[in-house]
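Here the structure comes first, spelled out in C-alpha cells, and everything after it is commentary.
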Amino acid sequence: MIEFVFAPDDAARVRFAFSPLWELVRSLRVLTDPSGHALHLPWVHGVRPRLRGLDMGPLLAAVPSWGYIPDFLTPPPDTPLPDLDAELEVVRSTPPEVVAAELLWTERGGRAGPERLAMAAEPERTLETLAGLLERYWAAAVEPYWPRLRDLLEGDVLRRTRALAAHGTAGVFGDLHQDVSWRAGTLMIDRRWDFRGELLGRGLLLVPSAFVWPNVSVMVPPYQPMLSYPPTGVATLWETGRDQGGGPRALAALIGRRRAELLTALATPASTTELAARMGVTAGAVSQHLGVLRACGLVTGHRLGRRVLYARTPTGDTLADSAGRTAL
C-alpha cells in the first residue's frame, strides 16, 4: 500500500500535467501484453505493421510487461503541457550511475536478467541507445495518434481542475480509480509494494495516461511524488465512424441529429479536429454546430495554448443526461 500524507499546504499544491514520454513508455507495455490491455487492441493492430524493421529489443528489455520501469525513463513532467524533445533531453541528462542502478533494481530483490545486466554495464551507451529508439518508436507508433490522445488527456485535466476548484481534494480523488482512496488527509493507493511518507510541501502531481489503463502508476521520493491514472473517457479513445454515440431520438428532434451527436460526444472534452475525425465530418461543419451549441449555452470552449478544447456546460450535461435516461 502506498500512502501519501498531506499537510494543509500540500492540498493546495495538487497539480496536473500530462506527458508524451509517459504515453510512449507505457505503450510499450501494451505492445508486449495486449491481452492485459484489451481496450487498446485497435491501436496494437494498427501499429505493429509500422514497427517492422525497428529493433525493439533494448526498449522491451528496459520496459518489462509488468513490474518496475526504470524511473529515468519516465521523469515527472515539469510543465502542464510538456514537449517530447524536452522530455528526452531530461532522459539523456540522467547520471550514468542512476541509469545503472535503476536497470539493476527489481521489485522483489531478485537478480536482474542478462539483458539488463549488459545494459547496466555500459550506462552511457545504453542511455543514448534508448533515447534514440524512443524517438523512432514515437514517430512510428504514437505520433500519428497523438492529436487524439492529447485531446483525451487535456480534457481530463480540464475536468479535474474544475472538480478541484469546486470540491477540493476529495472531489478530485473520489472517482479517480478503484485502487485510489482518500481518507482524513491521506491518499492511499493499492500497490504490491509499501511506502508511507509526508509530501513535505512538494504537493502531488497527477498525470492522466491512456496507456496506463487499466491500472495506476506511482512515483515516490526522491522523485516528485506523482500518480498516473487512466483518464475519463479512455474507453471511447479508439472509436470511429458516423454512428458513434449518436444522441437519443428525443434529443435529436430537439436540436438536430448532428448537434445531438456532438453534445453526446462531449461527455469528455475534445477539440474540433478530434470531433470531426470521430464523427466522420469536416472540421468546418463541426465548428458551425459548436457555434450554435455555444450560443445556446450548452457547450463552452477552453483555450489551452494554441488549441481550444470544447466541453459541455452544466446545462449541456443536464440535457444530455436527461435524454439518456429517457432512452433507457
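In the C-alpha cells, each chain is lettered A, B, ... as it comes, each chain's residues begin at 1, and ligands are numbered from 1 in order of appearance.
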
Review point. Can you list, as a ChimeraX atom specification, every protein, DNA or RNA residue that comes within 8 Å of Arg15 in chain A when you count only C-alpha atoms, leaving out same-chain residues fewer than 5 positions away?
Key: /A:203-206

Quick one: everything within 12 Å of range 119-135 of chain A, counting only C-alpha atoms, minus sequence neighbours fewer than 3 positions away in the same chain. Send it as a short mmCIF file (atom, residue, chain, number, x, y, z; two decimals) with all heavy atoms, in the first residue's frame.
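Contents of the output file around.cif:
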data_model
loop_
_atom_site.label_atom_id
_atom_site.label_comp_id
_atom_site.auth_asym_id
_atom_site.auth_seq_id
_atom_site.Cartn_x
_atom_site.Cartn_y
_atom_site.Cartn_z
N PRO A 20 3.93 13.29 -23.10
CA PRO A 20 4.12 12.42 -24.27
C PRO A 20 5.06 11.26 -23.97
O PRO A 20 4.86 10.14 -24.46
CB PRO A 20 4.73 13.38 -25.31
CG PRO A 20 4.32 14.74 -24.89
CD PRO A 20 4.25 14.71 -23.39
N LEU A 21 6.09 11.51 -23.17
CA LEU A 21 7.05 10.45 -22.85
C LEU A 21 6.40 9.35 -22.03
O LEU A 21 6.66 8.15 -22.25
CB LEU A 21 8.25 11.03 -22.10
CG LEU A 21 9.38 10.05 -21.76
CD1 LEU A 21 9.94 9.41 -23.03
CD2 LEU A 21 10.48 10.76 -20.98
N TRP A 22 5.54 9.72 -21.09
CA TRP A 22 4.83 8.70 -20.31
C TRP A 22 3.96 7.84 -21.23
O TRP A 22 3.94 6.62 -21.11
CB TRP A 22 3.97 9.36 -19.24
CG TRP A 22 4.69 9.46 -17.93
CD1 TRP A 22 5.65 10.36 -17.59
CD2 TRP A 22 4.53 8.59 -16.82
NE1 TRP A 22 6.09 10.12 -16.32
CE2 TRP A 22 5.42 9.04 -15.81
CE3 TRP A 22 3.72 7.50 -16.56
CZ2 TRP A 22 5.53 8.42 -14.57
CZ3 TRP A 22 3.83 6.88 -15.31
CH2 TRP A 22 4.72 7.33 -14.35
N GLU A 23 3.23 8.46 -22.14
CA GLU A 23 2.41 7.67 -23.06
C GLU A 23 3.29 6.74 -23.90
O GLU A 23 2.95 5.58 -24.14
CB GLU A 23 1.61 8.59 -23.98
CG GLU A 23 0.54 9.40 -23.28
CD GLU A 23 -0.46 8.53 -22.54
OE1 GLU A 23 -0.91 7.50 -23.09
OE2 GLU A 23 -0.79 8.86 -21.40
N LEU A 24 4.42 7.27 -24.34
CA LEU A 24 5.35 6.50 -25.16
C LEU A 24 5.84 5.26 -24.43
O LEU A 24 5.78 4.13 -24.95
CB LEU A 24 6.53 7.40 -25.53
CG LEU A 24 7.55 6.93 -26.55
CD1 LEU A 24 6.89 6.67 -27.88
CD2 LEU A 24 8.64 7.99 -26.70
N VAL A 25 6.31 5.45 -23.21
CA VAL A 25 6.88 4.34 -22.44
C VAL A 25 5.79 3.35 -22.03
O VAL A 25 5.96 2.13 -22.14
CB VAL A 25 7.65 4.88 -21.22
CG1 VAL A 25 8.08 3.73 -20.30
CG2 VAL A 25 8.88 5.66 -21.68
N ARG A 26 4.66 3.85 -21.56
CA ARG A 26 3.60 2.93 -21.13
C ARG A 26 3.02 2.15 -22.30
O ARG A 26 2.55 1.02 -22.12
CB ARG A 26 2.48 3.72 -20.43
CG ARG A 26 2.87 4.44 -19.17
CD ARG A 26 3.34 3.55 -18.06
NE ARG A 26 2.44 2.47 -17.73
CZ ARG A 26 2.46 1.82 -16.56
NH1 ARG A 26 3.33 2.16 -15.62
NH2 ARG A 26 1.64 0.82 -16.33
N SER A 27 3.05 2.72 -23.50
CA SER A 27 2.51 1.99 -24.66
C SER A 27 3.34 0.75 -24.98
O SER A 27 2.83 -0.21 -25.57
CB SER A 27 2.43 2.91 -25.88
OG SER A 27 3.73 3.18 -26.40
N LEU A 28 4.62 0.74 -24.60
CA LEU A 28 5.45 -0.45 -24.81
C LEU A 28 4.89 -1.64 -24.05
O LEU A 28 4.91 -2.77 -24.53
CB LEU A 28 6.88 -0.17 -24.35
CG LEU A 28 7.69 0.79 -25.22
CD1 LEU A 28 8.92 1.28 -24.48
CD2 LEU A 28 8.10 0.11 -26.53
N LEU A 51 6.05 -1.01 -37.17
CA LEU A 51 7.26 -1.26 -36.40
C LEU A 51 8.21 -2.25 -37.07
O LEU A 51 9.26 -2.56 -36.50
CB LEU A 51 6.89 -1.77 -35.00
CG LEU A 51 6.07 -0.81 -34.14
CD1 LEU A 51 5.71 -1.45 -32.81
CD2 LEU A 51 6.81 0.50 -33.92
N LEU A 54 12.25 -2.10 -37.00
CA LEU A 54 12.75 -1.34 -35.86
C LEU A 54 13.14 -2.32 -34.75
O LEU A 54 12.32 -3.13 -34.31
CB LEU A 54 11.68 -0.37 -35.35
CG LEU A 54 12.07 0.50 -34.14
CD1 LEU A 54 13.25 1.40 -34.50
CD2 LEU A 54 10.88 1.35 -33.69
N ASP A 55 14.39 -2.30 -34.33
CA ASP A 55 14.88 -3.20 -33.29
C ASP A 55 14.35 -2.73 -31.93
O ASP A 55 14.86 -1.78 -31.34
CB ASP A 55 16.41 -3.22 -33.27
CG ASP A 55 16.96 -4.12 -32.17
OD1 ASP A 55 16.17 -4.91 -31.60
OD2 ASP A 55 18.17 -4.03 -31.89
N MET A 56 13.32 -3.41 -31.45
CA MET A 56 12.69 -3.03 -30.20
C MET A 56 13.32 -3.70 -28.98
O MET A 56 12.91 -3.44 -27.86
CB MET A 56 11.20 -3.40 -30.26
CG MET A 56 10.42 -2.70 -31.36
SD MET A 56 10.16 -0.97 -30.99
CE MET A 56 9.03 -1.12 -29.61
N GLY A 57 14.32 -4.57 -29.20
CA GLY A 57 14.89 -5.36 -28.12
C GLY A 57 15.31 -4.56 -26.90
O GLY A 57 14.89 -4.86 -25.77
N PRO A 58 16.17 -3.53 -27.05
CA PRO A 58 16.59 -2.77 -25.87
C PRO A 58 15.43 -2.10 -25.12
O PRO A 58 15.41 -2.09 -23.88
CB PRO A 58 17.56 -1.73 -26.46
CG PRO A 58 18.06 -2.35 -27.71
CD PRO A 58 16.91 -3.13 -28.26
N LEU A 59 14.48 -1.56 -25.87
CA LEU A 59 13.34 -0.92 -25.20
C LEU A 59 12.51 -1.93 -24.42
O LEU A 59 12.10 -1.68 -23.29
CB LEU A 59 12.45 -0.22 -26.24
CG LEU A 59 12.90 1.16 -26.74
CD1 LEU A 59 11.91 1.68 -27.76
CD2 LEU A 59 13.05 2.14 -25.59
N LEU A 60 12.27 -3.09 -25.02
CA LEU A 60 11.45 -4.09 -24.35
C LEU A 60 12.18 -4.70 -23.16
O LEU A 60 11.54 -5.15 -22.20
CB LEU A 60 11.03 -5.17 -25.34
CG LEU A 60 10.17 -4.68 -26.52
CD1 LEU A 60 9.77 -5.83 -27.41
CD2 LEU A 60 8.94 -3.93 -26.02
N ALA A 61 13.51 -4.73 -23.21
CA ALA A 61 14.27 -5.21 -22.05
C ALA A 61 14.19 -4.21 -20.91
O ALA A 61 14.12 -4.58 -19.73
CB ALA A 61 15.72 -5.46 -22.45
N ALA A 62 14.20 -2.92 -21.26
CA ALA A 62 14.15 -1.87 -20.23
C ALA A 62 12.76 -1.70 -19.65
O ALA A 62 12.61 -1.32 -18.48
CB ALA A 62 14.64 -0.55 -20.81
N VAL A 63 11.73 -1.97 -20.45
CA VAL A 63 10.33 -1.78 -20.01
C VAL A 63 9.65 -3.14 -20.03
O VAL A 63 9.10 -3.56 -21.06
CB VAL A 63 9.59 -0.78 -20.91
CG1 VAL A 63 8.17 -0.55 -20.41
CG2 VAL A 63 10.34 0.54 -21.00
N PRO A 70 12.29 1.49 -15.03
CA PRO A 70 13.29 2.43 -14.53
C PRO A 70 12.77 3.86 -14.56
O PRO A 70 12.29 4.35 -15.58
CB PRO A 70 14.46 2.23 -15.50
CG PRO A 70 14.33 0.81 -15.95
CD PRO A 70 12.86 0.57 -16.05
N PHE A 72 14.18 6.68 -14.63
CA PHE A 72 14.80 7.68 -15.50
C PHE A 72 14.12 7.76 -16.86
O PHE A 72 14.26 8.75 -17.57
CB PHE A 72 16.31 7.42 -15.66
CG PHE A 72 16.68 6.23 -16.51
CD1 PHE A 72 16.78 6.35 -17.89
CD2 PHE A 72 16.96 5.00 -15.92
CE1 PHE A 72 17.13 5.26 -18.68
CE2 PHE A 72 17.32 3.90 -16.70
CZ PHE A 72 17.41 4.03 -18.09
N LEU A 73 13.36 6.71 -17.22
CA LEU A 73 12.64 6.73 -18.50
C LEU A 73 11.33 7.49 -18.41
O LEU A 73 10.74 7.82 -19.45
CB LEU A 73 12.35 5.29 -18.96
CG LEU A 73 13.56 4.48 -19.42
CD1 LEU A 73 13.15 3.04 -19.69
CD2 LEU A 73 14.18 5.09 -20.67
N THR A 74 10.87 7.77 -17.20
CA THR A 74 9.59 8.47 -17.02
C THR A 74 9.74 9.60 -16.01
O THR A 74 9.10 9.57 -14.95
CB THR A 74 8.49 7.49 -16.57
OG1 THR A 74 8.94 6.80 -15.38
CG2 THR A 74 8.15 6.50 -17.65
N LEU A 84 7.93 16.54 -26.14
CA LEU A 84 8.68 15.29 -26.12
C LEU A 84 10.18 15.53 -26.23
O LEU A 84 10.97 14.89 -25.52
CB LEU A 84 8.22 14.37 -27.25
CG LEU A 84 8.98 13.03 -27.32
CD1 LEU A 84 8.68 12.16 -26.11
CD2 LEU A 84 8.65 12.28 -28.61
N ASP A 85 10.61 16.43 -27.09
CA ASP A 85 12.04 16.69 -27.23
C ASP A 85 12.65 17.13 -25.91
O ASP A 85 13.75 16.70 -25.54
CB ASP A 85 12.30 17.74 -28.31
CG ASP A 85 11.98 17.23 -29.71
OD1 ASP A 85 11.97 15.99 -29.90
OD2 ASP A 85 11.71 18.06 -30.59
N ALA A 86 11.95 18.01 -25.20
CA ALA A 86 12.46 18.47 -23.91
C ALA A 86 12.50 17.33 -22.90
O ALA A 86 13.45 17.22 -22.10
CB ALA A 86 11.58 19.61 -23.38
N GLU A 87 11.50 16.47 -22.93
CA GLU A 87 11.49 15.33 -22.01
C GLU A 87 12.63 14.36 -22.32
O GLU A 87 13.26 13.81 -21.41
CB GLU A 87 10.15 14.61 -22.09
CG GLU A 87 9.00 15.40 -21.50
CD GLU A 87 7.74 14.57 -21.40
OE1 GLU A 87 7.25 14.09 -22.44
OE2 GLU A 87 7.26 14.37 -20.27
N LEU A 88 12.92 14.13 -23.59
CA LEU A 88 14.03 13.24 -23.95
C LEU A 88 15.37 13.83 -23.54
O LEU A 88 16.31 13.10 -23.22
CB LEU A 88 14.00 12.94 -25.45
CG LEU A 88 12.88 12.01 -25.90
CD1 LEU A 88 12.88 11.87 -27.42
CD2 LEU A 88 13.03 10.62 -25.26
N GLU A 89 15.47 15.15 -23.53
CA GLU A 89 16.71 15.78 -23.05
C GLU A 89 16.89 15.52 -21.55
O GLU A 89 18.02 15.34 -21.08
CB GLU A 89 16.70 17.28 -23.34
CG GLU A 89 16.99 17.62 -24.79
CD GLU A 89 18.29 17.01 -25.28
OE1 GLU A 89 19.34 17.19 -24.59
OE2 GLU A 89 18.28 16.31 -26.32
N VAL A 90 15.80 15.50 -20.82
CA VAL A 90 15.88 15.16 -19.39
C VAL A 90 16.37 13.72 -19.24
O VAL A 90 17.21 13.42 -18.38
CB VAL A 90 14.52 15.36 -18.71
CG1 VAL A 90 14.56 14.86 -17.26
CG2 VAL A 90 14.11 16.82 -18.75
N VAL A 91 15.84 12.82 -20.06
CA VAL A 91 16.29 11.43 -20.01
C VAL A 91 17.79 11.35 -20.31
O VAL A 91 18.55 10.68 -19.60
CB VAL A 91 15.50 10.56 -21.01
CG1 VAL A 91 16.09 9.15 -21.10
CG2 VAL A 91 14.03 10.48 -20.60
N ARG A 92 18.22 12.03 -21.36
CA ARG A 92 19.62 11.97 -21.75
C ARG A 92 20.56 12.56 -20.69
O ARG A 92 21.75 12.25 -20.69
CB ARG A 92 19.82 12.70 -23.08
CG ARG A 92 19.28 11.95 -24.30
CD ARG A 92 19.70 12.64 -25.60
NE ARG A 92 19.44 11.79 -26.75
CZ ARG A 92 18.40 11.92 -27.56
NH1 ARG A 92 17.50 12.88 -27.32
NH2 ARG A 92 18.23 11.11 -28.58
N SER A 93 20.05 13.42 -19.82
CA SER A 93 20.88 14.03 -18.79
C SER A 93 20.97 13.19 -17.52
O SER A 93 21.61 13.62 -16.55
CB SER A 93 20.34 15.43 -18.45
OG SER A 93 19.08 15.34 -17.80
N THR A 94 20.37 12.01 -17.51
CA THR A 94 20.42 11.15 -16.33
C THR A 94 21.86 10.72 -16.05
O THR A 94 22.57 10.27 -16.96
CB THR A 94 19.57 9.88 -16.55
OG1 THR A 94 18.25 10.25 -16.95
CG2 THR A 94 19.49 9.07 -15.26
N PRO A 95 22.34 10.86 -14.81
CA PRO A 95 23.70 10.41 -14.48
C PRO A 95 23.87 8.91 -14.74
O PRO A 95 22.94 8.13 -14.48
CB PRO A 95 23.82 10.73 -12.98
CG PRO A 95 22.82 11.81 -12.74
CD PRO A 95 21.68 11.52 -13.67
N PRO A 96 25.02 8.50 -15.26
CA PRO A 96 25.24 7.07 -15.58
C PRO A 96 24.99 6.15 -14.39
O PRO A 96 24.45 5.05 -14.56
CB PRO A 96 26.69 7.04 -16.04
CG PRO A 96 26.98 8.42 -16.50
CD PRO A 96 26.17 9.33 -15.65
N GLU A 97 25.38 6.59 -13.18
CA GLU A 97 25.20 5.71 -12.02
C GLU A 97 23.72 5.48 -11.71
O GLU A 97 23.33 4.42 -11.22
CB GLU A 97 25.92 6.28 -10.80
CG GLU A 97 25.43 7.63 -10.32
CD GLU A 97 26.13 8.81 -11.00
OE1 GLU A 97 26.73 8.61 -12.08
OE2 GLU A 97 26.06 9.93 -10.46
N VAL A 98 22.88 6.48 -12.02
CA VAL A 98 21.44 6.31 -11.81
C VAL A 98 20.88 5.34 -12.85
O VAL A 98 20.07 4.46 -12.52
CB VAL A 98 20.72 7.67 -11.89
CG1 VAL A 98 19.20 7.49 -11.85
CG2 VAL A 98 21.18 8.58 -10.75
N VAL A 99 21.31 5.47 -14.09
CA VAL A 99 20.88 4.54 -15.14
C VAL A 99 21.22 3.11 -14.74
O VAL A 99 20.36 2.21 -14.80
CB VAL A 99 21.54 4.90 -16.48
CG1 VAL A 99 21.20 3.84 -17.55
CG2 VAL A 99 21.10 6.28 -16.95
N ALA A 100 22.45 2.87 -14.33
CA ALA A 100 22.87 1.53 -13.96
C ALA A 100 22.08 1.00 -12.77
O ALA A 100 21.59 -0.15 -12.79
CB ALA A 100 24.37 1.52 -13.66
N ALA A 101 21.93 1.82 -11.74
CA ALA A 101 21.24 1.36 -10.53
C ALA A 101 19.79 1.02 -10.81
O ALA A 101 19.28 0.00 -10.32
CB ALA A 101 21.34 2.44 -9.45
N GLU A 102 19.10 1.83 -11.61
CA GLU A 102 17.68 1.57 -11.86
C GLU A 102 17.48 0.40 -12.81
O GLU A 102 16.47 -0.30 -12.71
CB GLU A 102 17.02 2.84 -12.39
CG GLU A 102 16.97 3.94 -11.33
CD GLU A 102 16.21 5.17 -11.75
OE1 GLU A 102 15.78 5.25 -12.92
OE2 GLU A 102 16.04 6.08 -10.91
N LEU A 103 18.41 0.16 -13.72
CA LEU A 103 18.32 -1.02 -14.57
C LEU A 103 18.50 -2.31 -13.77
O LEU A 103 17.96 -3.36 -14.13
CB LEU A 103 19.35 -0.95 -15.69
CG LEU A 103 19.04 0.02 -16.84
CD1 LEU A 103 20.25 0.19 -17.74
CD2 LEU A 103 17.84 -0.46 -17.65
N LEU A 104 19.28 -2.24 -12.70
CA LEU A 104 19.56 -3.43 -11.90
C LEU A 104 18.53 -3.67 -10.81
O LEU A 104 18.48 -4.76 -10.23
CB LEU A 104 20.95 -3.30 -11.25
CG LEU A 104 22.14 -3.30 -12.21
CD1 LEU A 104 23.42 -3.05 -11.46
CD2 LEU A 104 22.22 -4.62 -12.98
N TRP A 105 17.69 -2.65 -10.52
CA TRP A 105 16.74 -2.77 -9.42
C TRP A 105 15.55 -3.64 -9.84
O TRP A 105 15.03 -3.53 -10.96
CB TRP A 105 16.23 -1.40 -9.01
CG TRP A 105 15.51 -1.40 -7.69
CD1 TRP A 105 16.05 -1.30 -6.45
CD2 TRP A 105 14.09 -1.52 -7.50
NE1 TRP A 105 15.08 -1.34 -5.49
CE2 TRP A 105 13.87 -1.48 -6.09
CE3 TRP A 105 13.00 -1.66 -8.36
CZ2 TRP A 105 12.59 -1.58 -5.54
CZ3 TRP A 105 11.73 -1.76 -7.81
CH2 TRP A 105 11.53 -1.71 -6.43
N ALA A 112 18.64 -9.00 -11.68
CA ALA A 112 18.22 -8.53 -13.00
C ALA A 112 18.59 -9.55 -14.07
O ALA A 112 19.56 -10.30 -13.93
CB ALA A 112 18.88 -7.18 -13.30
N GLY A 113 17.80 -9.58 -15.14
CA GLY A 113 18.05 -10.51 -16.23
C GLY A 113 19.32 -10.16 -16.99
O GLY A 113 19.89 -9.08 -16.84
N PRO A 114 19.78 -11.06 -17.86
CA PRO A 114 21.04 -10.83 -18.58
C PRO A 114 21.02 -9.59 -19.46
O PRO A 114 22.03 -8.92 -19.60
CB PRO A 114 21.21 -12.12 -19.40
CG PRO A 114 19.86 -12.76 -19.44
CD PRO A 114 19.19 -12.38 -18.17
N GLU A 115 19.87 -9.28 -20.08
CA GLU A 115 19.81 -8.08 -20.91
C GLU A 115 20.02 -6.82 -20.08
O GLU A 115 20.77 -5.93 -20.45
CB GLU A 115 18.46 -8.00 -21.65
CG GLU A 115 18.18 -9.16 -22.57
CD GLU A 115 17.40 -10.26 -21.86
OE1 GLU A 115 17.35 -10.26 -20.60
OE2 GLU A 115 16.85 -11.13 -22.56
N ARG A 116 19.36 -6.76 -18.92
CA ARG A 116 19.51 -5.61 -18.04
C ARG A 116 20.94 -5.51 -17.51
O ARG A 116 21.49 -4.41 -17.39
CB ARG A 116 18.53 -5.71 -16.87
CG ARG A 116 17.06 -5.46 -17.22
CD ARG A 116 16.76 -3.96 -17.18
NE ARG A 116 15.34 -3.71 -17.16
CZ ARG A 116 14.65 -3.40 -16.06
NH1 ARG A 116 15.26 -3.29 -14.90
NH2 ARG A 116 13.36 -3.18 -16.13
N TRP A 138 8.40 6.69 -31.23
CA TRP A 138 7.40 7.76 -31.19
C TRP A 138 6.88 8.06 -32.59
O TRP A 138 5.67 8.14 -32.82
CB TRP A 138 7.99 9.00 -30.56
CG TRP A 138 7.21 10.26 -30.78
CD1 TRP A 138 7.39 11.18 -31.76
CD2 TRP A 138 6.10 10.74 -30.01
NE1 TRP A 138 6.48 12.21 -31.65
CE2 TRP A 138 5.67 11.97 -30.59
CE3 TRP A 138 5.43 10.27 -28.88
CZ2 TRP A 138 4.60 12.70 -30.07
CZ3 TRP A 138 4.37 11.00 -28.37
CH2 TRP A 138 3.96 12.19 -28.96
N ALA A 139 7.79 8.24 -33.55
CA ALA A 139 7.40 8.60 -34.91
C ALA A 139 6.54 7.51 -35.54
O ALA A 139 5.61 7.80 -36.30
CB ALA A 139 8.64 8.86 -35.77
N ALA A 140 6.83 6.25 -35.23
CA ALA A 140 6.10 5.15 -35.86
C ALA A 140 4.80 4.81 -35.15
O ALA A 140 3.79 4.51 -35.80
CB ALA A 140 7.00 3.91 -35.90
N ALA A 141 4.79 4.87 -33.81
CA ALA A 141 3.69 4.25 -33.07
C ALA A 141 2.78 5.21 -32.34
O ALA A 141 1.60 4.90 -32.13
CB ALA A 141 4.27 3.25 -32.06
N VAL A 142 3.27 6.37 -31.93
CA VAL A 142 2.46 7.24 -31.09
C VAL A 142 2.14 8.57 -31.77
O VAL A 142 1.01 9.06 -31.68
CB VAL A 142 3.14 7.47 -29.73
CG1 VAL A 142 2.28 8.38 -28.84
CG2 VAL A 142 3.38 6.15 -29.02
N GLU A 143 3.11 9.16 -32.43
CA GLU A 143 2.88 10.48 -33.04
C GLU A 143 1.67 10.51 -33.97
O GLU A 143 0.90 11.49 -33.95
CB GLU A 143 4.13 10.95 -33.76
CG GLU A 143 4.03 12.38 -34.27
CD GLU A 143 5.33 12.87 -34.88
OE1 GLU A 143 6.12 12.02 -35.34
OE2 GLU A 143 5.55 14.09 -34.89
#

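Among the candidates A:Val44, A:Leu158, A:Ala17, A:Leu117, the one nearest to Met226 in chain A when counting only C-alpha atoms is A:Ala17.
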
Exercise for review: From range 130-261 of chain A, collect each residue whose DSSP state is helix (DSSP H, G or I) and return the set as JSON, numbers by chain.
Suggested key: {"A": [130, 131, 132, 133, 134, 135, 136, 137, 138, 139, 140, 141, 142, 143, 144, 145, 146, 147, 148, 149, 150, 151, 152, 153, 154, 155, 156, 157, 158, 159, 160, 161, 162, 163, 164, 165, 166, 167, 168, 169, 170, 171, 172, 173, 234, 235, 236, 249, 250, 251, 252, 253, 254, 255, 257, 258, 259, 260, 261]}

Produce a file of the selected residues containing C-alpha atoms, as a CSV table (one decimal), in the first residue's frame.
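File produced: again-v5.csv:
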chain,number,residue,atom,x,y,z
A,130,LEU,CA,17.3,4.0,-25.5
A,131,ALA,CA,16.7,7.7,-26.2
A,132,GLY,CA,17.3,7.2,-29.9
A,133,LEU,CA,14.9,4.2,-30.0
A,134,LEU,CA,12.2,6.2,-28.2
A,135,GLU,CA,12.4,8.9,-30.8
A,136,ARG,CA,12.0,6.4,-33.7
A,137,TYR,CA,9.3,4.5,-31.8
A,138,TRP,CA,7.4,7.8,-31.2
A,139,ALA,CA,7.4,8.6,-34.9
A,140,ALA,CA,6.1,5.2,-35.9
A,141,ALA,CA,3.7,4.3,-33.1
A,142,VAL,CA,2.5,7.2,-31.1
A,143,GLU,CA,2.9,10.5,-33.0
A,144,PRO,CA,0.2,9.5,-35.7
A,145,TYR,CA,-2.3,9.1,-32.9
A,146,TRP,CA,-1.1,12.0,-30.7
A,147,PRO,CA,-3.8,14.5,-31.5
A,148,ARG,CA,-6.5,12.0,-30.4
A,149,LEU,CA,-4.5,11.1,-27.2
A,150,ARG,CA,-3.8,14.8,-26.4
A,151,ASP,CA,-7.4,15.7,-26.6
A,152,LEU,CA,-8.4,13.0,-24.2
A,153,LEU,CA,-5.6,13.9,-21.7
A,154,GLU,CA,-6.3,17.7,-21.9
A,155,GLY,CA,-10.0,17.0,-21.5
A,156,ASP,CA,-9.3,15.1,-18.3
A,157,VAL,CA,-7.0,17.8,-16.9
A,158,LEU,CA,-9.7,20.4,-17.6
A,159,ARG,CA,-12.4,18.3,-15.9
A,160,ARG,CA,-10.4,17.5,-12.8
A,161,THR,CA,-9.1,21.0,-12.5
A,162,ARG,CA,-12.7,22.2,-12.3
A,163,ALA,CA,-13.5,19.5,-9.7
A,164,LEU,CA,-10.6,20.6,-7.6
A,165,ALA,CA,-11.8,24.2,-7.7
A,166,ALA,CA,-15.4,23.3,-6.9
A,167,HIS,CA,-15.0,20.4,-4.4
A,168,GLY,CA,-11.4,20.4,-3.2
A,169,THR,CA,-9.0,17.5,-2.9
A,170,ALA,CA,-11.7,14.9,-2.1
A,171,GLY,CA,-13.6,15.9,-5.2
A,172,VAL,CA,-10.5,15.0,-7.4
A,173,PHE,CA,-9.7,11.7,-5.8
A,234,VAL,CA,-10.5,6.3,-22.3
A,235,ALA,CA,-13.0,3.6,-23.3
A,236,THR,CA,-14.0,5.7,-26.3
A,249,ARG,CA,-34.1,10.4,-30.8
A,250,ALA,CA,-35.8,12.9,-28.5
A,251,LEU,CA,-32.6,15.0,-28.2
A,252,ALA,CA,-32.0,14.8,-31.9
A,253,ALA,CA,-35.6,16.0,-32.6
A,254,LEU,CA,-34.9,19.0,-30.3
A,255,ILE,CA,-31.6,20.2,-31.5
A,257,ARG,CA,-29.1,14.9,-35.2
A,258,ARG,CA,-25.6,16.2,-35.7
A,259,ARG,CA,-25.8,18.6,-32.8
A,260,ALA,CA,-27.2,15.8,-30.6
A,261,GLU,CA,-24.2,13.6,-31.6

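Of the residues listed (A:Val286, A:Arg307, A:Ala7, A:Ala295), A:Arg307 shows the shortest atom-to-atom separation from Leu81 in chain A; distances use only C-alpha atoms.
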
Skip His177 in chain A itself and residues of its chain fewer than 6 positions away, then list as an mmCIF file with C-alpha atoms, in the first residue's frame all residues within 10 Å of it, counting only C-alpha atoms.
data_model
loop_
_atom_site.group_PDB
_atom_site.id
_atom_site.type_symbol
_atom_site.label_atom_id
_atom_site.label_comp_id
_atom_site.auth_asym_id
_atom_site.auth_seq_id
_atom_site.Cartn_x
_atom_site.Cartn_y
_atom_site.Cartn_z
ATOM 1 C CA ILE A 189 -3.028 3.632 -3.494
ATOM 2 C CA PRO A 214 -6.462 -0.418 -16.521
ATOM 3 C CA ASN A 215 -4.012 0.303 -13.687
ATOM 4 C CA VAL A 216 -2.395 3.255 -11.976
ATOM 5 C CA TYR A 229 -4.160 7.221 -13.764
ATOM 6 C CA PRO A 230 -6.475 6.419 -16.727
ATOM 7 C CA PRO A 231 -8.412 9.493 -17.903
ATOM 8 C CA THR A 232 -12.178 9.664 -18.026
#

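Pairwise distance (CA of Gly46 in chain A, CA of Trp238 in chain A) equals 10.8 Å.
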